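Report on the following structure.
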Amino acid sequence: MYMGVVKRLTVALCTALLIVSCAKQNKKAFYNTGIIYCSESNPVTFNPQLDTSSTTSDATSHQLYDRLLDFDPDSGRIVPSLASSWLVTNDGLTYAFQLRRDVKFHQTHYFTPTRNFNADDVIFSINRWRLPSHPYHSVSGGRYPYFESLGLAQNIASVERVNGYRVEITLHRRDSSFLANLATDFAVILSQEYATTLFEAGSPSKIDILPVGTGPFKFESYRKDRFIKYLRHEDYWRKSELRGDDNVASSAEDFDNRSNVDANWQDNVQLNGNISNDDVTNVQQLIFDITPRSSLRLAKLMTGECDATAFPAQTELEVIRARNDLTLAEKPGLNIGFWAFNTQRPPFDNPDVRRALAAAIDKNTLLEAVYFDSATRAKTLLPAASWAFQNDADDTAYNPVLARQLLANAGVKEGFSMTIWAMPVERAYNPNATKMAELIQRYLQDVGIEATIVSYDWATFRRHLQDGLHDSVLIGWSADNGDPDNFYRPLLSCGAIPSGTNRAMWCDEDYDRLLNEALKTDDIDERTAIYHQVNRLLYERLPLVPIAHAYRYQAYREELNGVVINPFGGVRFGGVEKTL
Amino acid sequence: MIQILTRYCTLLVLTLLVLAVMSFSLAYLFPGDTLENLTGLVPENEAQREALERQFKLDSSVVLQFFYYLGNLLVGDWGYSFTSGLPLLEEVGIALPATIELATYAMLMALFVGIPLGYYAGIRCYSTTDHILNSASMTTYSFPVFWFALLLILVFSLQLDAAPLSGRISLLYDVPRVTGFILVDVLLSDLDNKSLAFKDALSHIALPTFAIGAITTASLIRITRRSVIDVKHRPYIAAAVSRGLSSWQIFTRHILRNALLPILPLMAIQITTLITNAMIVETLFSWPGIGNWLIQAIYQRDYPALRIGMMAVSTLVITLTILVDLFNRIIDPSREKYEHAAV
């Protein structure tokens, strides 16, 4: 009888264990089907054409939409996306895109597409921001900041439909950064069919609130300050790609025939051998858990309530590194933090004075004290992630003796006073401008210059900067794509003074001429060589002192596989897998 | 009986009326435009403004405006939130049940843990167990609730990884809202992973409930203990002892019910503390309740939301207090018949 009790107990225990382990298995299986990303804020809209903030593009660009072209996150080269291949005429003015077939738009609870992606969608998406007369142009405010800042609309002469799967875009002027602009987060492709349906229903603004795209996830619901829910797009086109490349091959053939016929077309067909985004994962849901407090995001990451988080604070990086279950991915970002001199005010119009000030500061100390080693020292405007990066560029060195000498030669007396404007907000390229300004203040004291630190609220600060009221300013720039023109032109060209991005108020004919020359060629080596000349010129005239390129960080839990930091824009969860 | 009920109803209605006057005057007292504060609607042009002013009777006398406002409150037309643009009735309808749910579980915990322990300590008064219970409850009662909640988060969420620290349920579950009580809603739902979801919701609710409940439990232990000790010293207990009743009989027949009577009115006072604590704890656990919602409204200067939030919370507290008092009056025959109703 005693034995019977033991036996029964054992059986009961085994059953219990079995149930528990089954439940665990179930639990894992269920939690593996959803990724939760703790994001820092609410997106302004669900259409990245309308907003340049990274919050909006993180939440929408790579989740809901696709672009004609993409950047390869490793090499920064342009790779095919919705356009399976493209051709450029020899004069560089006409671009022809062969579009991918069998790409399906999202089927959601508010829209059921009846046709696949085709040329009409491309034309609609581009014309919406390009043509003020377009019926959708003024919907949701009618401002398209990214395209406006580049003046892209003015440079496009026409967008033509050649056939259902081919589009030709003609430019007024040659622009070798044009393809790069089409690959940015903002150049997404919307559904023309959905737009027409909404227009007929009299509620066109829904297109930016209840989005429809071709991306790996489709919109489900959104609650402000709480969450955004996306579901898996079952018919995502990148999945079928793994099964076979038939459609791509045929489209490439189309172009081969054509380029034989027409000698004007450069042989620039790109095949999509290197698309890495294999979306065959088990993920059914993608959720953005909106958590503005950085410390709470970290806490949620630690408890596993989030699988990945946005923007860990510099001070939290050590905590993340110290934990085995968390991964901190870092990549040099596409940004530059610098110290710009107002070159229209004496004595800063004298390159020698600028060189003296540059020699007075120790960049390495600034890097350690302000960035906590989360940045690389900048020699030129371009970070290493750009293809035109110059490793052996000249750099200024810490030399207070030389600084004093140069200042004396230039007639700047002991006790000369100047202002350093420190921007009032945190940015990756300069997480603490005030602290940096205080350090610089001390360095300048050593060479006999009295510096005062100036700061206003962000809007006033930028307005006064644009008016040129500063002597020098600590600020920076985050680029939207890997093209070097996206750094050099807005930061220092003559044309950028009125638009308020040229903080040095510097206008130099040689510089502008070199930049324009670089855009006239498509040969990457040729362009790189020109940018090296530009670097040399900047080193000699020194309108600004490049300080740092900050890393981009992303923290995620071990369970996530396939997370790739995209240095050229927003986060991307297509192809990410979760295994608890 | 009917007289008592009428008195309490009058009291309730009058208090709520005063509250309505206060919330209406907030629209004038808050900085900014009265129309916008009152409705949450921002007119795009002058014509629209005039139409809205006419609609909300802002062009007539203040008394008339108030009665129109009161009418709107009663039909559930509470205006719109500045930040989300959603009707406030809907927002409060989501947030308030979440707070009530948390407070309810905390109260249940206090009742089922605090009262038995209080009885035990009272019966065994001045023993070692009593001293331990007494000092433990004293210590817990003196904890600031936000500190206690943070401590729980630190130990159970971050160190032991035993419970999640934010929200009501993992966002992976899509639970349709029926009652607004998450545990009930999960049971009513037809999710595939119902038991998983229920477990998940339980693990989310455990820490905040414990944080709020512990403090109320502590105070209930002390109140019950005091009341039991008082009853024990009554002459009828001495009489029962002299009649030779066993101590168990004395407890069940004489102490149990008599000691409960003074606890009830004191519990009514606890409700205010409980709801306040719940609102504080909510913000720490990102619990989507009314406290968290009001804090957001303060940060974002959402005046219509603040106006209605204040109204909703006070209404809840006053209604509960009056109900407990009324209940107390009904079950306690010893109280004077013609005593006036009071909060």
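Letters A, B, ... mark the chains of the structure tokens in the order given; residue numbers begin at 1 per chain; ligand numbers begin at 1, in order shown.
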Within 6 Å of segment 214-222 of chain B using only C-alpha atoms, minus same-chain residues under 3 positions, as a count of residues only = 10
Determine which residues of chain B sit within 9 Å of chain A, taking into account only C-alpha atoms, and present them as a ChimeraX atom specification.
-> /B:83-84,157-158,161-166,170-172,193,196,288
Could you write out the selected residues, including N, CA and C atoms, as a PDB file, in the first residue's frame?
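Full text of selection.pdb as output:
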ATOM      1  N   THR B  83      -4.751  66.552 -26.798  1.00  0.00           N
ATOM      2  CA  THR B  83      -3.606  65.831 -27.347  1.00  0.00           C
ATOM      3  C   THR B  83      -4.016  64.689 -28.263  1.00  0.00           C
ATOM      4  N   SER B  84      -5.032  63.928 -27.875  1.00  0.00           N
ATOM      5  CA  SER B  84      -5.366  62.789 -28.733  1.00  0.00           C
ATOM      6  C   SER B  84      -6.506  63.111 -29.674  1.00  0.00           C
ATOM      7  N   SER B 157      11.391  42.859 -10.505  1.00  0.00           N
ATOM      8  CA  SER B 157      11.465  42.950 -11.956  1.00  0.00           C
ATOM      9  C   SER B 157      12.903  42.922 -12.442  1.00  0.00           C
ATOM     10  N   LEU B 158      13.724  43.817 -11.885  1.00  0.00           N
ATOM     11  CA  LEU B 158      15.051  43.974 -12.469  1.00  0.00           C
ATOM     12  C   LEU B 158      16.049  42.941 -11.955  1.00  0.00           C
ATOM     13  N   ASP B 161      13.831  39.175 -12.074  1.00  0.00           N
ATOM     14  CA  ASP B 161      13.171  38.959 -13.359  1.00  0.00           C
ATOM     15  C   ASP B 161      11.908  38.117 -13.196  1.00  0.00           C
ATOM     16  N   ALA B 162      11.169  38.349 -12.103  1.00  0.00           N
ATOM     17  CA  ALA B 162      10.012  37.507 -11.794  1.00  0.00           C
ATOM     18  C   ALA B 162       8.719  38.096 -12.322  1.00  0.00           C
ATOM     19  N   ALA B 163       8.671  39.400 -12.494  1.00  0.00           N
ATOM     20  CA  ALA B 163       7.423  40.011 -12.959  1.00  0.00           C
ATOM     21  C   ALA B 163       7.752  41.179 -13.870  1.00  0.00           C
ATOM     22  N   PRO B 164       6.892  41.424 -14.850  1.00  0.00           N
ATOM     23  CA  PRO B 164       7.109  42.567 -15.730  1.00  0.00           C
ATOM     24  C   PRO B 164       6.827  43.883 -14.996  1.00  0.00           C
ATOM     25  N   LEU B 165       7.306  44.990 -15.526  1.00  0.00           N
ATOM     26  CA  LEU B 165       7.191  46.228 -14.775  1.00  0.00           C
ATOM     27  C   LEU B 165       6.284  47.257 -15.422  1.00  0.00           C
ATOM     28  N   SER B 166       5.676  46.947 -16.547  1.00  0.00           N
ATOM     29  CA  SER B 166       4.843  47.993 -17.125  1.00  0.00           C
ATOM     30  C   SER B 166       3.624  47.420 -17.820  1.00  0.00           C
ATOM     31  N   SER B 170       0.951  41.850 -21.840  1.00  0.00           N
ATOM     32  CA  SER B 170       1.880  41.998 -22.950  1.00  0.00           C
ATOM     33  C   SER B 170       1.126  42.493 -24.189  1.00  0.00           C
ATOM     34  N   LEU B 171       1.758  43.415 -24.918  1.00  0.00           N
ATOM     35  CA  LEU B 171       1.081  44.004 -26.069  1.00  0.00           C
ATOM     36  C   LEU B 171       0.823  42.981 -27.178  1.00  0.00           C
ATOM     37  N   LEU B 172       1.421  41.795 -27.031  1.00  0.00           N
ATOM     38  CA  LEU B 172       1.218  40.770 -28.056  1.00  0.00           C
ATOM     39  C   LEU B 172      -0.215  40.225 -28.035  1.00  0.00           C
ATOM     40  N   ASN B 193      -4.755  31.673 -26.873  1.00  0.00           N
ATOM     41  CA  ASN B 193      -3.848  31.400 -25.767  1.00  0.00           C
ATOM     42  C   ASN B 193      -4.391  31.980 -24.474  1.00  0.00           C
ATOM     43  N   LEU B 196      -2.460  31.395 -21.247  1.00  0.00           N
ATOM     44  CA  LEU B 196      -1.210  32.151 -21.282  1.00  0.00           C
ATOM     45  C   LEU B 196      -1.478  33.620 -21.017  1.00  0.00           C
ATOM     46  N   PRO B 288      -2.204  51.795 -17.473  1.00  0.00           N
ATOM     47  CA  PRO B 288      -2.974  52.801 -18.225  1.00  0.00           C
ATOM     48  C   PRO B 288      -4.234  53.255 -17.494  1.00  0.00           C
TER      49      PRO B 288
END
Counting only C-alpha atoms, what is within 7 Å of Ser81 of chain B, bar same-chain residues fewer than 4 positions away, as a ChimeraX atom specification?
-> /B:40,85-88,302,304-305
Go ahead and dump the residues you just picked, C-alpha atoms, as a CSV table (one decimal), in the first residue's frame.
chain,number,residue,atom,x,y,z
B,40,GLY,CA,-11.4,70.7,-26.3
B,85,GLY,CA,-8.4,64.5,-30.2
B,86,LEU,CA,-10.6,61.6,-28.9
B,87,PRO,CA,-13.8,62.1,-26.9
B,88,LEU,CA,-13.0,62.4,-23.2
B,302,ASP,CA,-4.4,69.2,-21.7
B,304,PRO,CA,-10.2,69.7,-21.0
B,305,ALA,CA,-8.7,66.3,-19.8
Residues within 12 Å of Thr252 of chain B, please, as a short mmCIF file (atom, residue, chain, number, x, y, z; two decimals) with N, CA and C atoms, in the first residue's frame. Count only C-alpha atoms; anything in the same chain fewer than 6 positions from it doesn't count.
data_model
loop_
_atom_site.label_atom_id
_atom_site.label_comp_id
_atom_site.auth_asym_id
_atom_site.auth_seq_id
_atom_site.Cartn_x
_atom_site.Cartn_y
_atom_site.Cartn_z
N TYR B 119 -7.47 40.37 13.49
CA TYR B 119 -8.18 39.60 14.52
C TYR B 119 -7.20 38.79 15.34
N ILE B 123 -6.69 39.20 19.29
CA ILE B 123 -6.97 38.14 20.25
C ILE B 123 -5.73 37.84 21.08
N ILE B 237 -18.19 40.69 27.36
CA ILE B 237 -17.20 39.62 27.17
C ILE B 237 -16.89 38.98 28.54
N ALA B 240 -19.66 36.81 29.38
CA ALA B 240 -19.61 35.55 28.63
C ALA B 240 -18.57 34.61 29.23
N LEU B 245 -18.38 30.21 28.65
CA LEU B 245 -18.26 29.91 27.21
C LEU B 245 -16.79 29.69 26.86
N SER B 246 -16.59 28.81 25.88
CA SER B 246 -15.20 28.59 25.47
C SER B 246 -14.71 29.82 24.72
N ASN B 258 -19.01 42.19 16.48
CA ASN B 258 -18.94 43.49 17.15
C ASN B 258 -17.69 44.27 16.78
N ALA B 259 -16.60 43.54 16.55
CA ALA B 259 -15.36 44.24 16.21
C ALA B 259 -15.42 44.80 14.79
N LEU B 260 -16.25 44.19 13.94
CA LEU B 260 -16.32 44.64 12.54
C LEU B 260 -16.97 46.01 12.40
#
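Excluding Asn502 of chain A itself and same-chain residues fewer than 2 positions from it, the residues having an atom within 8 Å of it are Pro490, Leu491, Leu492, Ser493, Cys494, Ala496, Ile497, Ser499, Gly500, Ala504, Met505 and Trp506 of chain A, counting only C-alpha atoms.
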Store the residues picked out above in a file with C-alpha atoms, as a short mmCIF file (atom, residue, chain, number, x, y, z; two decimals), in the first residue's frame.
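Result file follows (selection14.cif):
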data_model
loop_
_atom_site.label_atom_id
_atom_site.label_comp_id
_atom_site.auth_asym_id
_atom_site.auth_seq_id
_atom_site.Cartn_x
_atom_site.Cartn_y
_atom_site.Cartn_z
CA PRO A 490 24.20 71.77 -47.21
CA LEU A 491 27.00 72.47 -44.77
CA LEU A 492 29.33 74.83 -46.61
CA SER A 493 28.14 75.77 -50.10
CA CYS A 494 27.20 79.38 -50.92
CA ALA A 496 23.21 76.94 -48.14
CA ILE A 497 23.69 80.33 -46.43
CA SER A 499 18.53 78.19 -46.35
CA GLY A 500 20.22 78.26 -42.95
CA ALA A 504 30.07 79.03 -41.02
CA MET A 505 28.43 81.52 -43.41
CA TRP A 506 31.25 80.48 -45.72
#
Would you please extract all strand (DSSP E) residues from segment 59-239 of chain A, as assigned by DSSP on the backbone, and give them as JSON, numbers by chain?
-> {"A": [69, 70, 71, 78, 79, 80, 83, 84, 85, 86, 87, 88, 94, 95, 96, 97, 98, 99, 156, 157, 158, 159, 160, 161, 162, 163, 166, 167, 168, 169, 170, 171, 217, 218, 219, 220, 221, 222, 223, 227, 228, 229, 230, 231, 232]}
Between B:Leu306, B:Val317, B:Leu52, B:Val324, which one has atoms that come closest to Thr273 of chain B, using only C-alpha atoms?
->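 Nearest to Thr273 of chain B: B:Val317.
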List every residue of segment 376-409 of chain A that DSSP, applied to the backbone of this structure, places in alpha helix (DSSP H), and write the result as a PDB file with C-alpha atoms, in the first residue's frame.
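In the end it all went to selection-v4.pdb:
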ATOM      1  CA  PRO A 400      48.821  75.755 -28.107  1.00  0.00           C
ATOM      2  CA  VAL A 401      52.258  77.185 -28.914  1.00  0.00           C
ATOM      3  CA  LEU A 402      51.469  77.304 -32.620  1.00  0.00           C
ATOM      4  CA  ALA A 403      48.051  78.713 -31.765  1.00  0.00           C
ATOM      5  CA  ARG A 404      49.515  81.638 -29.791  1.00  0.00           C
ATOM      6  CA  GLN A 405      52.000  82.318 -32.552  1.00  0.00           C
ATOM      7  CA  LEU A 406      49.356  82.329 -35.286  1.00  0.00           C
ATOM      8  CA  LEU A 407      47.117  84.578 -33.214  1.00  0.00           C
ATOM      9  CA  ALA A 408      49.941  87.028 -32.574  1.00  0.00           C
ATOM     10  CA  ASN A 409      50.816  87.093 -36.280  1.00  0.00           C
TER      11      ASN A 409
END
